[in-house]
file protein-v1.cif (mmCIF, C-alpha atoms and all ligand atoms)
data_final
#
loop_
_atom_site.group_PDB
_atom_site.id
_atom_site.type_symbol
_atom_site.label_atom_id
_atom_site.label_comp_id
_atom_site.auth_asym_id
_atom_site.auth_seq_id
_atom_site.Cartn_x
_atom_site.Cartn_y
_atom_site.Cartn_z
ATOM 1 C CA MET A 1 108.400 112.000 61.069
ATOM 2 C CA ILE A 2 105.875 112.325 58.237
ATOM 3 C CA LEU A 3 104.803 115.521 56.465
ATOM 4 C CA VAL A 4 101.159 115.713 55.382
ATOM 5 C CA SER A 5 99.206 118.309 53.402
ATOM 6 C CA ALA A 6 97.071 119.984 56.074
ATOM 7 C CA CYS A 7 93.861 119.630 54.050
ATOM 8 C CA LEU A 8 94.352 115.839 54.059
ATOM 9 C CA ALA A 9 94.600 115.852 57.849
ATOM 10 C CA GLY A 10 91.177 117.372 58.469
ATOM 11 C CA GLN A 11 92.019 121.069 58.268
ATOM 12 C CA SER A 12 89.636 123.235 56.217
ATOM 13 C CA VAL A 13 92.382 125.178 54.471
ATOM 14 C CA ARG A 14 91.698 124.548 50.769
ATOM 15 C CA TYR A 15 91.182 127.527 48.478
ATOM 16 C CA ASP A 16 87.418 126.859 48.646
ATOM 17 C CA GLY A 17 87.368 126.671 52.442
ATOM 18 C CA ARG A 18 86.937 122.906 52.504
ATOM 19 C CA LYS A 19 89.128 120.008 53.588
ATOM 20 C CA SER A 20 90.046 116.989 51.467
ATOM 21 C CA HIS A 21 88.540 113.536 51.820
ATOM 22 C CA ALA A 22 91.333 110.986 52.252
ATOM 23 C CA PRO A 23 90.293 108.054 54.482
ATOM 24 C CA GLN A 24 93.062 105.937 52.886
ATOM 25 C CA LEU A 25 95.603 108.232 54.535
ATOM 26 C CA TRP A 26 94.092 107.919 57.998
ATOM 27 C CA GLU A 27 94.976 104.204 57.963
ATOM 28 C CA ILE A 28 98.557 104.967 56.916
ATOM 29 C CA LEU A 29 99.000 107.599 59.619
ATOM 30 C CA LYS A 30 97.451 105.599 62.451
ATOM 31 C CA ASP A 31 99.738 105.748 65.517
ATOM 32 C CA LYS A 32 102.488 107.568 63.575
ATOM 33 C CA PRO A 33 103.795 111.057 64.356
ATOM 34 C CA PHE A 34 103.091 113.554 61.574
ATOM 35 C CA LEU A 35 103.357 117.227 60.791
ATOM 36 C CA ALA A 36 100.349 118.730 58.962
ATOM 37 C CA LEU A 37 101.090 122.017 57.201
ATOM 38 C CA CYS A 38 99.541 124.137 54.454
ATOM 39 C CA PRO A 39 102.149 126.048 52.437
ATOM 40 C CA GLU A 40 99.634 128.469 50.963
ATOM 41 C CA LEU A 41 98.494 129.628 54.400
ATOM 42 C CA LEU A 42 102.083 129.877 55.625
ATOM 43 C CA GLY A 43 102.838 131.988 52.565
ATOM 44 C CA GLY A 44 100.260 134.523 53.711
ATOM 45 C CA LEU A 45 97.226 133.541 51.625
ATOM 46 C CA ALA A 46 93.752 133.414 53.153
ATOM 47 C CA VAL A 47 90.891 130.902 53.363
ATOM 48 C CA PRO A 48 88.985 131.056 51.112
ATOM 49 C CA ARG A 49 91.208 132.379 48.321
ATOM 50 C CA PRO A 50 91.020 132.494 44.526
ATOM 51 C CA PRO A 51 92.393 129.417 42.759
ATOM 52 C CA ALA A 52 95.801 129.945 41.155
ATOM 53 C CA ARG A 53 97.034 128.571 37.835
ATOM 54 C CA PHE A 54 100.521 128.209 36.395
ATOM 55 C CA GLU A 55 101.435 130.319 33.392
ATOM 56 C CA GLY A 56 104.463 129.485 31.272
ATOM 57 C CA ALA A 57 105.308 126.201 33.023
ATOM 58 C CA GLY A 58 106.166 122.878 31.375
ATOM 59 C CA GLU A 59 103.860 119.943 32.103
ATOM 60 C CA GLY A 60 105.172 117.855 34.975
ATOM 61 C CA GLN A 61 107.730 120.476 36.033
ATOM 62 C CA GLU A 62 105.432 123.321 36.954
ATOM 63 C CA GLY A 63 106.871 123.837 40.440
ATOM 64 C CA LYS A 64 110.461 123.627 39.247
ATOM 65 C CA ASP A 65 109.791 126.171 36.504
ATOM 66 C CA LEU A 66 108.222 128.569 38.999
ATOM 67 C CA LEU A 67 111.222 128.288 41.326
ATOM 68 C CA ALA A 68 113.526 128.938 38.345
ATOM 69 C CA GLY A 69 111.614 132.101 37.428
ATOM 70 C CA LYS A 70 110.409 130.623 34.125
ATOM 71 C CA ALA A 71 106.735 130.523 35.132
ATOM 72 C CA ARG A 72 104.317 132.250 37.465
ATOM 73 C CA LEU A 73 101.143 131.547 39.398
ATOM 74 C CA VAL A 74 98.193 133.832 38.767
ATOM 75 C CA THR A 75 94.626 134.128 40.015
ATOM 76 C CA PRO A 76 91.647 134.392 37.637
ATOM 77 C CA ASP A 77 91.758 138.206 37.931
ATOM 78 C CA GLY A 78 95.436 138.273 36.944
ATOM 79 C CA GLN A 79 97.061 138.755 40.357
ATOM 80 C CA ASP A 80 100.557 137.245 40.502
ATOM 81 C CA VAL A 81 100.743 135.152 43.702
ATOM 82 C CA SER A 82 104.036 133.425 42.916
ATOM 83 C CA ARG A 83 105.931 134.998 45.830
ATOM 84 C CA ALA A 84 103.376 133.803 48.396
ATOM 85 C CA PHE A 85 103.522 130.232 47.050
ATOM 86 C CA ILE A 86 107.315 130.162 47.079
ATOM 87 C CA LYS A 87 107.537 131.672 50.568
ATOM 88 C CA GLY A 88 105.056 129.097 51.922
ATOM 89 C CA ALA A 89 106.915 126.216 50.310
ATOM 90 C CA GLU A 90 110.220 127.419 51.765
ATOM 91 C CA LEU A 91 108.697 127.648 55.258
ATOM 92 C CA VAL A 92 107.239 124.143 55.036
ATOM 93 C CA VAL A 93 110.527 122.653 53.825
ATOM 94 C CA ALA A 94 112.425 124.386 56.635
ATOM 95 C CA ALA A 95 109.956 123.036 59.211
ATOM 96 C CA ALA A 96 110.108 119.545 57.685
ATOM 97 C CA LEU A 97 113.903 119.454 57.800
ATOM 98 C CA ARG A 98 113.913 120.703 61.412
ATOM 99 C CA ALA A 99 111.419 117.988 62.384
ATOM 100 C CA GLY A 100 113.367 115.212 60.660
ATOM 101 C CA VAL A 101 110.718 114.425 58.057
ATOM 102 C CA THR A 102 111.627 111.503 55.795
ATOM 103 C CA HIS A 103 108.388 110.926 53.878
ATOM 104 C CA CYS A 104 105.599 113.200 52.648
ATOM 105 C CA TYR A 105 101.967 112.503 51.741
ATOM 106 C CA LEU A 106 100.690 115.331 49.582
ATOM 107 C CA LYS A 107 97.357 116.258 48.018
ATOM 108 C CA ASP A 108 97.144 115.653 44.294
ATOM 109 C CA ARG A 109 96.723 118.293 41.589
ATOM 110 C CA SER A 110 97.516 121.238 43.829
ATOM 111 C CA PRO A 111 99.771 124.070 42.604
ATOM 112 C CA SER A 112 101.616 123.658 45.914
ATOM 113 C CA CYS A 113 101.310 119.989 46.850
ATOM 114 C CA GLY A 114 100.678 118.197 43.524
ATOM 115 C CA PHE A 115 102.911 115.208 42.696
ATOM 116 C CA ASP A 116 102.308 113.122 39.571
ATOM 117 C CA PRO A 117 105.703 112.675 37.876
ATOM 118 C CA PHE A 118 104.507 110.008 35.420
ATOM 119 C CA GLY A 119 101.167 111.563 34.468
ATOM 120 C CA LYS A 120 99.130 108.655 35.839
ATOM 121 C CA ASN A 121 96.462 110.714 37.582
ATOM 122 C CA PRO A 122 93.571 111.434 35.192
ATOM 123 C CA GLY A 123 92.490 114.453 37.268
ATOM 124 C CA LYS A 124 92.924 118.016 36.077
ATOM 125 C CA GLY A 125 95.567 120.357 37.444
ATOM 126 C CA PRO A 126 99.321 120.673 37.780
ATOM 127 C CA ARG A 127 101.444 117.534 38.083
ATOM 128 C CA GLN A 128 104.149 119.153 40.200
ATOM 129 C CA GLY A 129 103.503 121.754 42.880
ATOM 130 C CA VAL A 130 105.946 124.328 44.192
ATOM 131 C CA LEU A 131 106.292 122.627 47.568
ATOM 132 C CA THR A 132 106.770 119.286 45.837
ATOM 133 C CA ALA A 133 109.587 120.631 43.678
ATOM 134 C CA LEU A 134 111.355 122.052 46.717
ATOM 135 C CA LEU A 135 110.942 118.853 48.761
ATOM 136 C CA GLU A 136 112.366 116.851 45.840
ATOM 137 C CA GLU A 137 115.370 119.192 45.731
ATOM 138 C CA HIS A 138 116.035 118.169 49.339
ATOM 139 C CA GLY A 139 115.709 114.473 48.549
ATOM 140 C CA LEU A 140 112.512 113.802 50.492
ATOM 141 C CA GLU A 141 110.241 110.971 49.368
ATOM 142 C CA ILE A 142 106.726 111.920 48.291
ATOM 143 C CA THR A 143 103.518 109.944 47.838
ATOM 144 C CA GLU A 144 100.549 111.487 46.051
ATOM 145 C CA ILE A 145 97.198 111.105 47.761
ATOM 146 C CA ARG A 146 94.220 111.425 45.446
ATOM 147 C CA ALA A 147 91.554 113.140 47.463
ATOM 148 C CA PRO A 148 88.425 114.987 46.399
ATOM 149 C CA ALA A 149 87.017 117.903 48.361
ATOM 150 C CA TRP A 150 85.148 116.875 51.495
ATOM 151 C CA PRO A 151 81.437 116.657 50.663
ATOM 152 C CA ARG A 152 79.504 119.763 51.713
HETATM 153 S S1 LIG A 201 96.766 120.993 48.832
HETATM 154 FE FE1 LIG A 201 98.464 121.873 49.998
HETATM 155 S S2 LIG A 201 98.298 124.070 49.639
HETATM 156 FE FE2 LIG A 201 96.346 123.173 49.011
HETATM 157 S S3 LIG A 201 95.050 123.358 50.851
HETATM 158 FE FE3 LIG A 201 96.022 121.345 50.909
HETATM 159 S S4 LIG A 201 97.838 121.684 52.173
HETATM 160 FE FE4 LIG A 201 97.154 123.688 51.505
#
call {"tool": "encode", "arguments": {"input": "protein-v1.cif", "output": "structure tokens", "more": "lines below"}}
Ligand code: SF4
result
Amino acid sequence: MILVSACLAGQSVRYDGRKSHAPQLWEILKDKPFLALCPELLGGLAVPRPPARFEGAGEGQEGKDLLAGKARLVTPDGQDVSRAFIKGAELVVAAALRAGVTHCYLKDRSPSCGFDPFGKNPGKGPRQGVLTALLEEHGLEITEIRAPAWPR
């Protein structure tokens, strides 16, 4: 079983109400069973929602620092949404383990799904999301999918 960021699988669940454009992933997933989930929605956040940024996190270990209580995620108006992000990540990991997921394809530069351990992606945003950090703790393999927002 494969875990996929829901916005990569055609669901309009991004913070801006859009989906992500990832035709390269459709080829990979063809004829394979997959589970498409959005941790931020499962954590109780809405669509659309304000973007959230890490505060106090080290580059490349943002998600791990949040889980360790060394950092937080805040919206532009200063609301701390860390709990919602952590809760959503925990729910996705639990579902992935129940479903027997072995590999994950996650959206780049997301505070939940981002995965760029070697800093190779020139895009802006966190290199490690909260969900990513938790999936890595459980030994699941992750591939980053670089995907812009679906054109309006
Ligand atoms: S990147 Fe992850 S958290 Fe963000 S919309 Fe896509 S599935 Fe949801």
call {"tool": "residues_around", "arguments": {"input": "protein-v1.cif", "residues": "Pro111 (chain A)", "least_positions_apart": "5", "cutoff": "8 Å", "atoms": "only C-alpha atoms", "output": "PDB file with C-alpha atoms, in the coordinates of the input"}}
result
ATOM      1  CA  ALA A  52      95.801 129.945  41.155  1.00  0.00           C
ATOM      2  CA  ARG A  53      97.034 128.571  37.835  1.00  0.00           C
ATOM      3  CA  PHE A  54     100.521 128.209  36.395  1.00  0.00           C
ATOM      4  CA  GLY A  63     106.871 123.837  40.440  1.00  0.00           C
ATOM      5  CA  GLY A 125      95.567 120.357  37.444  1.00  0.00           C
ATOM      6  CA  PRO A 126      99.321 120.673  37.780  1.00  0.00           C
ATOM      7  CA  GLN A 128     104.149 119.153  40.200  1.00  0.00           C
ATOM      8  CA  GLY A 129     103.503 121.754  42.880  1.00  0.00           C
ATOM      9  CA  VAL A 130     105.946 124.328  44.192  1.00  0.00           C
TER      10      VAL A 130
END
call {"tool": "atom_distance", "arguments": {"input": "protein-v1.cif", "atom1": "CA of Arg49 (chain A)", "atom2": "CA of Leu131 (chain A)"}}
result
18.0 Å
call {"tool": "residues_near_ligand", "arguments": {"input": "protein-v1.cif", "ligand": "ligand LIG 201 (chain A)", "cutoff": "10 Å", "atoms": "all atoms listed in the file", "output": "PDB file with C-alpha atoms, in the frame of the given file"}}
result
ATOM      1  CA  VAL A   4     101.159 115.713  55.382  1.00  0.00           C
ATOM      2  CA  SER A   5      99.206 118.309  53.402  1.00  0.00           C
ATOM      3  CA  ALA A   6      97.071 119.984  56.074  1.00  0.00           C
ATOM      4  CA  CYS A   7      93.861 119.630  54.050  1.00  0.00           C
ATOM      5  CA  LEU A   8      94.352 115.839  54.059  1.00  0.00           C
ATOM      6  CA  ALA A   9      94.600 115.852  57.849  1.00  0.00           C
ATOM      7  CA  GLY A  10      91.177 117.372  58.469  1.00  0.00           C
ATOM      8  CA  GLN A  11      92.019 121.069  58.268  1.00  0.00           C
ATOM      9  CA  SER A  12      89.636 123.235  56.217  1.00  0.00           C
ATOM     10  CA  VAL A  13      92.382 125.178  54.471  1.00  0.00           C
ATOM     11  CA  ARG A  14      91.698 124.548  50.769  1.00  0.00           C
ATOM     12  CA  TYR A  15      91.182 127.527  48.478  1.00  0.00           C
ATOM     13  CA  ASP A  16      87.418 126.859  48.646  1.00  0.00           C
ATOM     14  CA  GLY A  17      87.368 126.671  52.442  1.00  0.00           C
ATOM     15  CA  ARG A  18      86.937 122.906  52.504  1.00  0.00           C
ATOM     16  CA  LYS A  19      89.128 120.008  53.588  1.00  0.00           C
ATOM     17  CA  SER A  20      90.046 116.989  51.467  1.00  0.00           C
ATOM     18  CA  ALA A  36     100.349 118.730  58.962  1.00  0.00           C
ATOM     19  CA  LEU A  37     101.090 122.017  57.201  1.00  0.00           C
ATOM     20  CA  CYS A  38      99.541 124.137  54.454  1.00  0.00           C
ATOM     21  CA  PRO A  39     102.149 126.048  52.437  1.00  0.00           C
ATOM     22  CA  GLU A  40      99.634 128.469  50.963  1.00  0.00           C
ATOM     23  CA  LEU A  41      98.494 129.628  54.400  1.00  0.00           C
ATOM     24  CA  LEU A  42     102.083 129.877  55.625  1.00  0.00           C
ATOM     25  CA  GLY A  43     102.838 131.988  52.565  1.00  0.00           C
ATOM     26  CA  LEU A  45      97.226 133.541  51.625  1.00  0.00           C
ATOM     27  CA  VAL A  47      90.891 130.902  53.363  1.00  0.00           C
ATOM     28  CA  PRO A  48      88.985 131.056  51.112  1.00  0.00           C
ATOM     29  CA  PRO A  51      92.393 129.417  42.759  1.00  0.00           C
ATOM     30  CA  PHE A  85     103.522 130.232  47.050  1.00  0.00           C
ATOM     31  CA  GLY A  88     105.056 129.097  51.922  1.00  0.00           C
ATOM     32  CA  ALA A  89     106.915 126.216  50.310  1.00  0.00           C
ATOM     33  CA  LEU A 106     100.690 115.331  49.582  1.00  0.00           C
ATOM     34  CA  LYS A 107      97.357 116.258  48.018  1.00  0.00           C
ATOM     35  CA  ASP A 108      97.144 115.653  44.294  1.00  0.00           C
ATOM     36  CA  ARG A 109      96.723 118.293  41.589  1.00  0.00           C
ATOM     37  CA  SER A 110      97.516 121.238  43.829  1.00  0.00           C
ATOM     38  CA  PRO A 111      99.771 124.070  42.604  1.00  0.00           C
ATOM     39  CA  SER A 112     101.616 123.658  45.914  1.00  0.00           C
ATOM     40  CA  CYS A 113     101.310 119.989  46.850  1.00  0.00           C
ATOM     41  CA  GLY A 114     100.678 118.197  43.524  1.00  0.00           C
ATOM     42  CA  GLY A 129     103.503 121.754  42.880  1.00  0.00           C
ATOM     43  CA  VAL A 130     105.946 124.328  44.192  1.00  0.00           C
ATOM     44  CA  LEU A 131     106.292 122.627  47.568  1.00  0.00           C
ATOM     45  CA  THR A 132     106.770 119.286  45.837  1.00  0.00           C
ATOM     46  CA  ILE A 145      97.198 111.105  47.761  1.00  0.00           C
ATOM     47  CA  ALA A 147      91.554 113.140  47.463  1.00  0.00           C
ATOM     48  CA  ALA A 149      87.017 117.903  48.361  1.00  0.00           C
TER      49      ALA A 149
END
call {"tool": "closest_residue", "arguments": {"input": "protein-v1.cif", "among": "A:Leu135, A:Gly123, A:His103, A:Asp77", "to": "Pro33 (chain A)", "atoms": "only C-alpha atoms"}}
result
A:His103
call {"tool": "residues_around", "arguments": {"input": "protein-v1.cif", "residues": "Asp116 (chain A)", "least_positions_apart": "4", "cutoff": "7 Å", "atoms": "all atoms listed in the file", "output": "ChimeraX atom specification"}}
result
/A:120-121,127-128,144
call {"tool": "axis_aligned_box", "arguments": {"input": "protein-v1.cif", "around": "region 50-53 of chain A", "padding_each_side": "6 Å", "output": "lines of an AutoDock Vina configuration file"}}
result
center_x = 94.0
center_y = 130.5
center_z = 41.2
size_x = 18.0
size_y = 15.9
size_z = 18.7
call {"tool": "resolve_selection", "arguments": {"input": "protein-v1.cif", "expression": "the PyMOL selection byres (((chain A and resi 70) around 12) and not hetatm)", "output": "VMD selection string"}}
result
chain A and resid 54 to 58 61 to 69 71 to 73 82
call {"tool": "closest_residue", "arguments": {"input": "protein-v1.cif", "among": "A:Gly44, A:Gly78, A:Met1, A:Lys87", "to": "Gly100 (chain A)", "atoms": "all atoms listed in the file"}}
result
A:Met1
call {"tool": "closest_residue", "arguments": {"input": "protein-v1.cif", "among": "A:Leu91, A:Ala84, A:Ile28, A:Leu3", "to": "Leu140 (chain A)", "atoms": "only C-alpha atoms"}}
result
A:Leu3
call {"tool": "atom_distance", "arguments": {"input": "protein-v1.cif", "atom1": "CA of Arg152 (chain A)", "atom2": "CA of Gly119 (chain A)"}}
result
28.9 Å
